[in-house]
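File shown here: data-v8.txt, holding compact mmCIF, C-alpha atoms.
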# COMPACT_ATOMS: atom_id res chain seq x y z
CA MET A 1 0.00 0.00 0.00
CA PHE A 2 2.41 2.69 1.24
CA SER A 3 5.26 0.98 -0.60
CA TYR A 4 4.37 2.97 -3.69
CA TYR A 5 4.76 6.28 -1.83
CA PHE A 6 8.14 5.30 -0.36
CA SER A 7 9.24 2.89 -3.11
CA SER A 8 12.76 4.28 -3.32
CA ASP A 9 13.46 4.20 0.41
CA LEU A 10 13.84 0.62 1.60
CA THR A 11 15.34 1.67 4.93
CA LEU A 12 12.39 3.92 5.78
CA ARG A 13 9.86 1.28 4.80
CA SER A 14 11.68 -1.32 6.90
CA ALA A 15 11.63 0.97 9.93
CA LEU A 16 7.94 1.70 9.45
CA ALA A 17 7.18 -2.02 9.07
CA ALA A 18 9.02 -2.77 12.32
CA ILE A 19 7.15 -0.03 14.18
CA THR A 20 3.86 -1.20 12.71
CA GLY A 21 4.51 -4.81 13.75
CA PHE A 22 5.39 -3.73 17.28
CA LEU A 23 2.44 -1.36 17.74
CA ALA A 24 -0.01 -3.83 16.17
CA CYS A 25 0.96 -6.42 18.78
CA LEU A 26 0.65 -3.92 21.61
CA VAL A 27 -2.81 -2.88 20.43
CA ALA A 28 -4.14 -6.35 19.57
CA GLY A 29 -2.49 -8.19 22.45
CA PRO A 30 -4.72 -7.26 25.42
CA ALA A 31 -7.98 -7.87 23.54
CA THR A 32 -6.72 -11.16 22.09
CA ILE A 33 -5.58 -12.36 25.52
CA ARG A 34 -8.98 -11.50 27.02
CA ILE A 35 -10.78 -13.40 24.27
CA LEU A 36 -8.54 -16.46 24.54
CA THR A 37 -8.90 -16.43 28.35
CA ARG A 38 -12.67 -16.15 28.12
CA MET A 39 -12.77 -19.05 25.65
CA LYS A 40 -10.45 -21.06 27.95
CA VAL A 41 -7.98 -21.65 25.13
CA ARG A 42 -5.24 -23.05 27.34
CA GLU A 43 -2.28 -25.39 27.12
CA ARG A 44 -3.12 -28.93 28.13
CA ALA A 45 -0.50 -31.26 29.59
CA ASP A 46 0.22 -34.09 27.21
CA LYS A 47 0.07 -37.59 28.70
CA LYS A 48 3.63 -38.20 27.53
CA ASP A 49 5.02 -35.22 29.46
CA SER A 50 7.36 -35.88 32.35
CA ALA A 51 5.50 -35.76 35.65
CA VAL A 52 8.27 -33.54 37.00
CA LEU A 53 7.86 -31.17 34.04
CA VAL A 54 4.10 -31.05 34.50
CA GLU A 55 4.65 -30.14 38.16
CA MET A 56 7.13 -27.41 37.22
CA HIS A 57 4.66 -25.84 34.80
CA LYS A 58 1.47 -26.30 36.79
CA GLY A 59 1.30 -22.55 37.42
CA LYS A 60 0.88 -22.01 33.68
CA SER A 61 -2.28 -24.08 33.36
CA THR A 62 -4.48 -20.97 33.16
CA THR A 63 -2.30 -19.09 30.66
CA PRO A 64 -4.03 -18.82 27.27
CA THR A 65 -2.35 -20.11 24.13
CA MET A 66 -2.62 -19.56 20.35
CA GLY A 67 -1.42 -15.99 20.81
CA GLY A 68 0.71 -16.51 17.75
CA ALA A 69 -2.33 -15.43 15.77
CA PHE A 70 -1.82 -11.76 16.60
CA VAL A 71 1.94 -12.02 15.93
CA LEU A 72 1.25 -13.30 12.43
CA GLY A 73 -1.39 -10.63 11.94
CA ALA A 74 1.13 -7.94 12.91
CA ILE A 75 3.79 -9.32 10.53
CA LEU A 76 1.34 -9.53 7.65
CA LEU A 77 0.03 -6.03 8.37
CA GLY A 78 3.54 -4.54 8.25
CA THR A 79 4.22 -6.48 5.05
CA LEU A 80 0.93 -5.48 3.43
CA LEU A 81 1.43 -1.79 4.17
CA PHE A 82 5.08 -1.34 3.28
CA ALA A 83 6.32 -4.17 1.02
CA ARG A 84 5.75 -4.40 -2.72
CA LEU A 85 3.08 -7.03 -3.18
CA ASP A 86 4.12 -7.69 -6.78
CA ASN A 87 7.43 -9.08 -5.52
CA PRO A 88 7.59 -12.91 -5.82
CA TYR A 89 9.77 -13.32 -2.72
CA VAL A 90 7.32 -11.36 -0.58
CA LEU A 91 4.41 -13.37 -1.94
CA VAL A 92 6.11 -16.70 -1.20
CA ALA A 93 7.07 -15.55 2.30
CA ALA A 94 3.52 -14.40 3.04
CA GLY A 95 2.04 -17.58 1.58
CA VAL A 96 4.24 -19.84 3.70
CA THR A 97 3.43 -17.79 6.81
CA VAL A 98 -0.31 -18.09 6.25
CA MET A 99 -0.29 -21.79 5.35
CA LEU A 100 1.97 -22.87 8.21
CA GLY A 101 -0.07 -20.63 10.49
CA GLY A 102 -3.13 -22.61 9.40
CA THR A 103 -1.31 -25.89 10.07
CA GLY A 104 -0.31 -24.70 13.54
CA PHE A 105 -3.84 -23.48 14.25
CA LEU A 106 -5.28 -26.84 13.25
CA ASP A 107 -2.81 -28.66 15.50
CA ASP A 108 -3.56 -26.36 18.45
CA TRP A 109 -7.30 -26.59 17.97
CA VAL A 110 -7.34 -30.38 17.77
CA LYS A 111 -5.09 -30.55 20.83
CA LEU A 112 -7.50 -28.34 22.77
CA THR A 113 -10.68 -30.10 21.72
CA SER A 114 -9.59 -33.73 21.46
CA PRO A 115 -10.38 -35.98 24.45
CA THR A 116 -6.90 -37.54 24.08
CA LYS A 117 -5.25 -34.12 24.48
CA HIS A 118 -3.18 -34.75 21.34
CA GLY A 119 -3.03 -32.55 18.27
CA ILE A 120 -2.93 -33.86 14.72
CA SER A 121 -0.57 -36.79 14.23
CA GLY A 122 3.13 -36.06 13.78
CA ARG A 123 3.01 -37.74 10.38
CA LEU A 124 0.15 -35.55 9.16
CA LYS A 125 1.88 -32.44 10.46
CA LEU A 126 5.06 -33.35 8.57
CA VAL A 127 3.05 -34.02 5.41
CA LEU A 128 1.34 -30.63 5.62
CA GLN A 129 4.63 -28.86 6.30
CA GLY A 130 6.26 -30.78 3.45
CA VAL A 131 3.51 -29.78 1.02
CA VAL A 132 3.92 -26.14 2.01
CA GLY A 133 7.70 -26.45 1.62
CA LEU A 134 7.47 -28.10 -1.79
CA GLY A 135 4.97 -25.46 -2.89
CA ALA A 136 7.35 -22.70 -1.81
CA GLY A 137 10.28 -24.37 -3.59
CA ALA A 138 8.27 -24.77 -6.78
CA ALA A 139 7.04 -21.16 -6.62
CA LEU A 140 10.60 -19.88 -6.25
CA TYR A 141 11.91 -22.19 -8.99
CA TRP A 142 9.32 -21.31 -11.62
CA GLY A 143 8.44 -17.83 -10.41
CA THR A 144 11.90 -16.26 -10.25
CA ARG A 145 13.96 -18.01 -12.96
CA ALA A 146 12.97 -15.38 -15.52
CA HIS A 147 14.93 -12.63 -13.77
CA TYR A 148 17.38 -14.63 -11.63
CA SER A 149 19.45 -17.32 -13.32
CA GLU A 150 21.01 -18.66 -10.09
CA VAL A 151 17.77 -19.53 -8.34
CA THR A 152 18.85 -23.20 -8.09
CA THR A 153 22.29 -22.38 -6.70
CA LEU A 154 23.31 -23.24 -3.15
CA PHE A 155 25.82 -20.70 -1.87
CA VAL A 156 28.43 -21.90 0.63
CA PRO A 157 29.58 -18.93 2.75
CA ILE A 158 33.21 -18.19 3.68
CA VAL A 159 34.60 -20.45 0.93
CA ARG A 160 32.24 -18.80 -1.60
CA TRP A 161 31.41 -22.05 -3.37
CA LYS A 162 28.32 -22.34 -5.55
CA VAL A 163 26.56 -25.67 -6.05
CA ASP A 164 23.81 -25.98 -8.66
CA LEU A 165 21.03 -28.13 -7.22
CA GLY A 166 18.87 -28.06 -10.34
CA LEU A 167 15.37 -29.36 -9.66
CA GLY A 168 16.75 -30.70 -6.38
CA MET A 169 16.39 -27.14 -5.15
CA ILE A 170 12.64 -27.74 -4.64
CA PRO A 171 12.93 -30.60 -2.09
CA PHE A 172 15.91 -28.79 -0.52
CA VAL A 173 13.74 -25.73 0.13
CA ALA A 174 11.08 -28.01 1.61
CA LEU A 175 13.67 -29.63 3.89
CA VAL A 176 14.90 -26.25 5.17
CA ILE A 177 11.36 -25.03 5.83
CA VAL A 178 10.25 -28.20 7.63
CA ALA A 179 13.43 -28.34 9.73
CA SER A 180 13.31 -24.68 10.72
CA SER A 181 9.58 -24.76 11.43
CA ASN A 182 9.86 -27.75 13.76
CA SER A 183 13.01 -26.43 15.42
CA VAL A 184 11.32 -23.18 16.47
CA ASN A 185 8.36 -25.23 17.63
CA LEU A 186 10.61 -27.33 19.89
CA THR A 187 12.23 -24.19 21.30
CA ASP A 188 8.88 -22.77 22.35
CA GLY A 189 8.86 -24.30 25.82
CA LEU A 190 9.76 -21.47 28.20
CA ASP A 191 8.28 -17.99 28.57
CA GLY A 192 9.73 -15.71 25.90
CA LEU A 193 12.41 -18.17 24.78
CA ALA A 194 11.39 -18.85 21.19
CA ILE A 195 10.15 -15.36 20.31
CA GLY A 196 13.30 -13.73 21.70
CA CYS A 197 15.51 -15.96 19.56
CA VAL A 198 13.29 -15.45 16.51
CA THR A 199 13.59 -11.69 16.93
CA SER A 200 17.41 -11.67 16.96
CA ALA A 201 17.46 -14.08 13.99
CA SER A 202 15.07 -11.89 12.01
CA LEU A 203 17.24 -8.82 12.62
CA ALA A 204 20.28 -10.69 11.30
CA TYR A 205 18.38 -11.72 8.18
CA ALA A 206 17.21 -8.15 7.68
CA VAL A 207 20.89 -7.38 7.03
CA PHE A 208 21.37 -10.41 4.75
CA THR A 209 18.32 -9.60 2.62
CA TYR A 210 19.30 -5.93 2.36
CA VAL A 211 22.79 -6.86 1.16
CA ALA A 212 21.53 -9.55 -1.22
CA GLY A 213 19.10 -7.12 -2.82
CA ASN A 214 21.71 -4.39 -3.31
CA SER A 215 23.97 -4.90 -6.32
CA ILE A 216 26.77 -2.71 -4.93
CA PHE A 217 26.90 -4.22 -1.44
CA SER A 218 26.57 -7.79 -2.68
CA ARG A 219 29.40 -7.28 -5.18
CA GLU A 220 31.68 -5.69 -2.59
CA LEU A 221 30.99 -8.44 -0.04
CA LYS A 222 31.12 -11.19 -2.68
CA VAL A 223 27.74 -12.70 -1.89
CA PRO A 224 25.01 -13.57 -4.41
CA HIS A 225 23.03 -10.62 -5.70
CA VAL A 226 19.35 -11.57 -5.74
CA PRO A 227 17.31 -8.90 -7.57
CA GLY A 228 14.18 -8.06 -5.61
CA CYS A 229 15.30 -9.85 -2.44
CA GLY A 230 15.71 -6.51 -0.67
CA GLU A 231 11.93 -6.37 -0.25
CA LEU A 232 12.23 -9.18 2.27
CA THR A 233 13.97 -6.68 4.55
CA ILE A 234 10.46 -5.28 5.08
CA VAL A 235 9.19 -8.71 6.10
CA THR A 236 12.06 -9.41 8.49
CA ALA A 237 11.72 -5.95 10.02
CA ALA A 238 8.01 -6.52 10.56
CA MET A 239 8.84 -9.90 12.13
CA ALA A 240 11.36 -8.31 14.49
CA GLY A 241 8.91 -5.59 15.50
CA ALA A 242 6.09 -8.07 16.02
CA GLY A 243 8.46 -10.32 17.97
CA LEU A 244 9.26 -7.53 20.40
CA GLY A 245 5.57 -6.70 20.64
CA PHE A 246 4.68 -10.29 21.48
CA LEU A 247 7.54 -10.49 23.98
CA TRP A 248 5.81 -7.64 25.84
CA PHE A 249 3.15 -10.19 26.81
CA ASN A 250 5.12 -13.44 26.52
CA GLY A 251 8.06 -12.51 28.75
CA PHE A 252 8.32 -14.25 32.12
CA PRO A 253 5.78 -14.70 33.59
CA ALA A 254 3.90 -15.07 30.31
CA GLN A 255 0.40 -13.69 29.88
CA VAL A 256 -0.03 -15.68 26.67
CA PHE A 257 1.73 -18.44 24.72
CA MET A 258 2.12 -18.41 20.95
CA GLY A 259 1.27 -22.09 20.49
CA ASN A 260 1.94 -23.94 17.25
CA THR A 261 -0.14 -21.24 15.58
CA GLY A 262 2.87 -18.98 15.98
CA SER A 263 5.93 -21.20 16.27
CA LEU A 264 5.45 -23.22 13.06
CA PRO A 265 4.99 -20.25 10.70
CA LEU A 266 7.73 -18.16 12.36
CA GLY A 267 10.24 -20.96 11.80
CA GLY A 268 9.01 -21.42 8.26
CA LEU A 269 9.25 -17.71 7.52
CA LEU A 270 12.85 -17.58 8.73
CA ALA A 271 13.63 -20.49 6.41
CA VAL A 272 12.02 -18.85 3.38
CA VAL A 273 13.95 -15.64 3.97
CA ALA A 274 17.19 -17.61 4.32
CA VAL A 275 16.54 -19.50 1.08
CA CYS A 276 15.64 -16.38 -0.90
CA ALA A 277 18.74 -14.51 0.30
CA LYS A 278 20.92 -17.52 -0.57
CA GLN A 279 22.01 -17.76 3.06
CA GLU A 280 20.42 -21.12 3.95
CA LEU A 281 23.57 -22.57 5.51
CA VAL A 282 24.09 -19.49 7.66
CA LEU A 283 20.75 -20.33 9.29
CA LEU A 284 22.65 -23.01 11.23
CA ALA A 285 24.55 -20.21 13.01
CA VAL A 286 21.83 -17.56 13.12
CA GLY A 287 19.38 -20.12 14.51
CA PHE A 288 21.90 -22.07 16.58
CA ILE A 289 19.54 -22.21 19.56
CA PHE A 290 16.88 -23.83 17.37
CA VAL A 291 19.44 -26.28 16.00
CA ALA A 292 20.64 -27.18 19.50
CA GLU A 293 17.08 -27.76 20.69
CA SER A 294 16.35 -30.12 17.77
CA LEU A 295 19.65 -31.98 18.12
CA SER A 296 19.03 -32.51 21.84
CA VAL A 297 15.74 -34.23 21.04
CA LEU A 298 17.31 -36.31 18.26
CA ILE A 299 20.22 -37.37 20.47
CA GLN A 300 17.89 -38.21 23.34
CA VAL A 301 15.66 -40.38 21.17
CA ILE A 302 18.54 -42.23 19.48
CA SER A 303 20.34 -42.80 22.79
CA PHE A 304 17.26 -44.10 24.57
CA LYS A 305 16.25 -46.41 21.72
CA THR A 306 19.73 -47.86 21.24
CA THR A 307 21.08 -47.98 24.79
CA GLY A 308 18.08 -47.44 27.03
CA LYS A 309 19.86 -44.45 28.58
CA ARG A 310 19.16 -40.73 28.37
CA VAL A 311 21.89 -38.21 27.57
CA PHE A 312 19.88 -35.31 28.98
CA LYS A 313 17.73 -35.15 32.07
CA CYS A 314 14.92 -34.04 29.77
CA ALA A 315 14.70 -32.87 26.16
CA PRO A 316 14.54 -30.37 24.50
CA ILE A 317 17.67 -29.06 26.17
CA HIS A 318 16.03 -26.06 27.88
CA HIS A 319 14.15 -28.56 30.05
CA HIS A 320 17.46 -30.25 30.89
CA PHE A 321 18.58 -27.01 32.52
CA GLN A 322 15.26 -26.72 34.31
CA PHE A 323 15.86 -30.15 35.80
CA MET A 324 19.19 -28.78 37.04
CA GLU A 325 17.07 -26.31 39.05
CA ILE A 326 18.22 -23.24 37.13
CA PRO A 327 15.43 -20.60 37.21
CA GLU A 328 13.37 -20.44 34.03
CA SER A 329 13.98 -16.71 33.52
CA LYS A 330 17.75 -17.22 33.78
CA ILE A 331 17.71 -20.05 31.22
CA THR A 332 15.72 -17.89 28.83
CA VAL A 333 17.98 -14.84 29.12
CA ARG A 334 21.12 -16.96 28.69
CA PHE A 335 19.68 -18.58 25.57
CA TRP A 336 18.79 -15.10 24.25
CA ILE A 337 22.37 -13.95 24.83
CA VAL A 338 23.86 -16.94 23.00
CA GLY A 339 21.35 -16.60 20.16
CA ALA A 340 21.97 -12.86 19.77
CA LEU A 341 25.76 -13.24 19.85
CA LEU A 342 25.68 -15.94 17.18
CA ALA A 343 23.25 -13.94 15.05
CA VAL A 344 25.67 -11.01 15.14
CA ALA A 345 28.68 -13.28 14.58
CA SER A 346 26.98 -14.78 11.52
CA LEU A 347 27.15 -11.39 9.84
CA ALA A 348 30.90 -11.84 9.71
CA THR A 349 30.35 -14.40 6.93
CA LEU A 350 29.57 -11.43 4.69
CA LYS A 351 33.21 -10.39 4.89
CA VAL A 352 35.14 -13.59 5.58
CA GLY A 353 36.53 -15.45 2.59
I need this file expressed as structure tokens, please.
Amino acid sequence: MFSYYFSSDLTLRSALAAITGFLACLVAGPATIRILTRMKVRERADKKDSAVLVEMHKGKSTTPTMGGAFVLGAILLGTLLFARLDNPYVLVAAGVTVMLGGTGFLDDWVKLTSPTKHGISGRLKLVLQGVVGLGAGAALYWGTRAHYSEVTTLFVPIVRWKVDLGLGMIPFVALVIVASSNSVNLTDGLDGLAIGCVTSASLAYAVFTYVAGNSIFSRELKVPHVPGCGELTIVTAAMAGAGLGFLWFNGFPAQVFMGNTGSLPLGGLLAVVAVCAKQELVLLAVGFIFVAESLSVLIQVISFKTTGKRVFKCAPIHHHFQFMEIPESKITVRFWIVGALLAVASLATLKVG
């Protein structure tokens, strides 16, 4: 909408998108929380949860969930107002956000209404995420090849290698989206933890997308120039602003949880941005906290199934530290610090090599 009035000033539009995302959350938050509380939309302890963990979190039983809905609304509002809606990267990012938001909503709703307290099956969730990922990969492959010849190229930072994936780029995009989406979902277990890490990651990718979309900066820093990718700076700025706005209510002690309605699409959106900016591999550093959370679960499962022993007291790893009797707020802040430091450090890949 306003992108046409400020079309030449990407920095201004990014700032306005961030402010819009933040203010939209502040305005929508209280009313949304009241509605969710009135409807008794609350987290329900899964039967597979550790009894110790259930006891630790018993004070959160009245906290409403599915607050991710107003985070997504704030991100989309900032995008709608200040990004160019004829840009294919923006359209793919928005589409993935909406579709994974719908998947997360479905999972949350079934979990809340099902007598078994379970959401949709893990297999169905993976299928839905995979379909969204394949759709995004196909849209990027066929929708951007006309003006960007290296759409199928995987860029390896630092060493500056380029690997042509060909049609394999489509399932690769799906893999990145599914992995990132589920990783953020696993991280969302303590008040403010996931959204704080998402916010620092989105700020880092605001820099990557800005550089990728600028022919001068990308040439000087020897990273792929992706025409039109700069518009995703608007999206990442809106995500950072909305993340801070949600943290206003989600910080310890949380007034609302984002639920899968928020965690799945936020992880997916980060992945799409990383893919479009040709910085998919850097996501391992920018989103190190998410990677560590996923690996802790994988290691725990493999160890228990093969040896009958657990490596961690509880997985994901943030619960391991809870079992060590470290206060929840301290765990969260320490994870934020590590996540922010690695997000900043990842920017060094723009110059190294």
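Here CA of Trp109 (chain A) is placed at a distance of 23.9 Å from CA of Leu270 (chain A).
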Could you list, with a cut-off of 12 Å and counting all atoms listed in the file, the residues of region 254-349 of chain A near region 75-85 of chain A, each shown with its nearest atom pair and the distance in Å rounded to one decimal, rows sorted by chain and ascending number, as a tab-separated table?
residue	atom	partner	partner_atom	distance
A:Gly262	CA	A:Ile75	CA	11.1
A:Pro265	CA	A:Ile75	CA	11.0
A:Leu266	CA	A:Ile75	CA	9.8
A:Leu269	CA	A:Ile75	CA	10.5
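In this structure, CA of Gly73 (chain A) sits 10.8 Å away from CA of Gly29 (chain A).
If you count all atoms listed in the file and ignore residues fewer than 6 places along the chain from Ile337 (chain A), what sits within 12 Å of it is Leu193, Gly196, Cys197, Ser200, Ala201, Phe288, Ile289, Lys330, Ile331, Ala343 and Val344 of chain A.
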*Kindly extract all protein, DNA and RNA residues lying within 12 Å of the coordinates (4.8, -2.8, 27.6) given in the file, considering all atoms listed in the file, and supply them as a ChimeraX atom specification.*
/A:22-23,25-27,29-30,244-251,255
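For the pair CA of Ala212 (chain A) and CA of Ala277 (chain A), the interatomic distance is 5.9 Å.
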Box centre and edge lengths (Å, one decimal), axis-aligned, region 120-132 of chain A plus 4 Å each side, as lines of an AutoDock Vina configuration file:
center_x = 1.7
center_y = -31.9
center_z = 7.9
size_x = 17.2
size_y = 19.6
size_z = 21.7
Can you pull out the residues contacting Glu325 (chain A)? Cut-off 12 Å, using all atoms listed in the file, and skip same-chain residues under 4 positions away; I want them as a PDB file with C-alpha atoms, in the coordinates of the input.
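This went into selection_16.pdb:
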ATOM      1  CA  VAL A  52       8.270 -33.540  37.000  1.00  0.00           C
ATOM      2  CA  LEU A  53       7.860 -31.170  34.040  1.00  0.00           C
ATOM      3  CA  MET A  56       7.130 -27.410  37.220  1.00  0.00           C
ATOM      4  CA  LYS A 313      17.730 -35.150  32.070  1.00  0.00           C
ATOM      5  CA  HIS A 318      16.030 -26.060  27.880  1.00  0.00           C
ATOM      6  CA  HIS A 319      14.150 -28.560  30.050  1.00  0.00           C
ATOM      7  CA  HIS A 320      17.460 -30.250  30.890  1.00  0.00           C
ATOM      8  CA  PHE A 321      18.580 -27.010  32.520  1.00  0.00           C
ATOM      9  CA  SER A 329      13.980 -16.710  33.520  1.00  0.00           C
ATOM     10  CA  LYS A 330      17.750 -17.220  33.780  1.00  0.00           C
ATOM     11  CA  ILE A 331      17.710 -20.050  31.220  1.00  0.00           C
TER      12      ILE A 331
END
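Of the listed residues (A:Leu154, A:Val173, A:Leu350, A:Leu283), A:Leu350 comes nearest to Glu220 (chain A); the distances count only C-alpha atoms.
Non-sequential neighbours of His225 (chain A) (distance at most 9 Å, separation of 6 or more positions within a chain, all atoms listed in the file) are Val211, Ala212, Gly213, Asn214, Ser215, Ile216, Phe217, Ser218, Arg219, Ala277 and Lys278 of chain A.
A distance cut-off of 7 Å around (7.8, -2.3, 9.7), counting all atoms listed in the file, selects these protein and nucleic acid residues: Arg13, Ser14, Ala15, Leu16, Ala17, Ala18, Ile19, Thr20, Gly21, Gly78, Ile234, Ala237, Ala238 and Gly241 of chain A.
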*With only C-alpha atoms as the atoms that count, which of A:Gly259, A:Pro88, A:Gly119, A:Gly339 lies nearest to Asp188 (chain A)?*
A:Gly259
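When all atoms listed in the file are used to compute distances to Ala136 (chain A), the closest of the residues A:Val159, A:Val273, A:Val184, A:Leu284 turns out to be A:Val273.
Among the candidate residues A:Leu100, A:Val132, A:Leu186, A:Leu264, the one lying nearest to Val297 (chain A) is A:Leu186, with distances computed using all atoms listed in the file.
With all atoms listed in the file as the basis for measurement, A:Thr97 is the residue among A:Thr97, A:Thr261, A:Ser346, A:Asn185 that approaches Met239 (chain A) most closely.
If all atoms listed in the file are the atoms counted, then among A:Val338, A:Ile317, A:Ile35, A:Val282 the closest residue to Ile299 (chain A) is A:Ile317.
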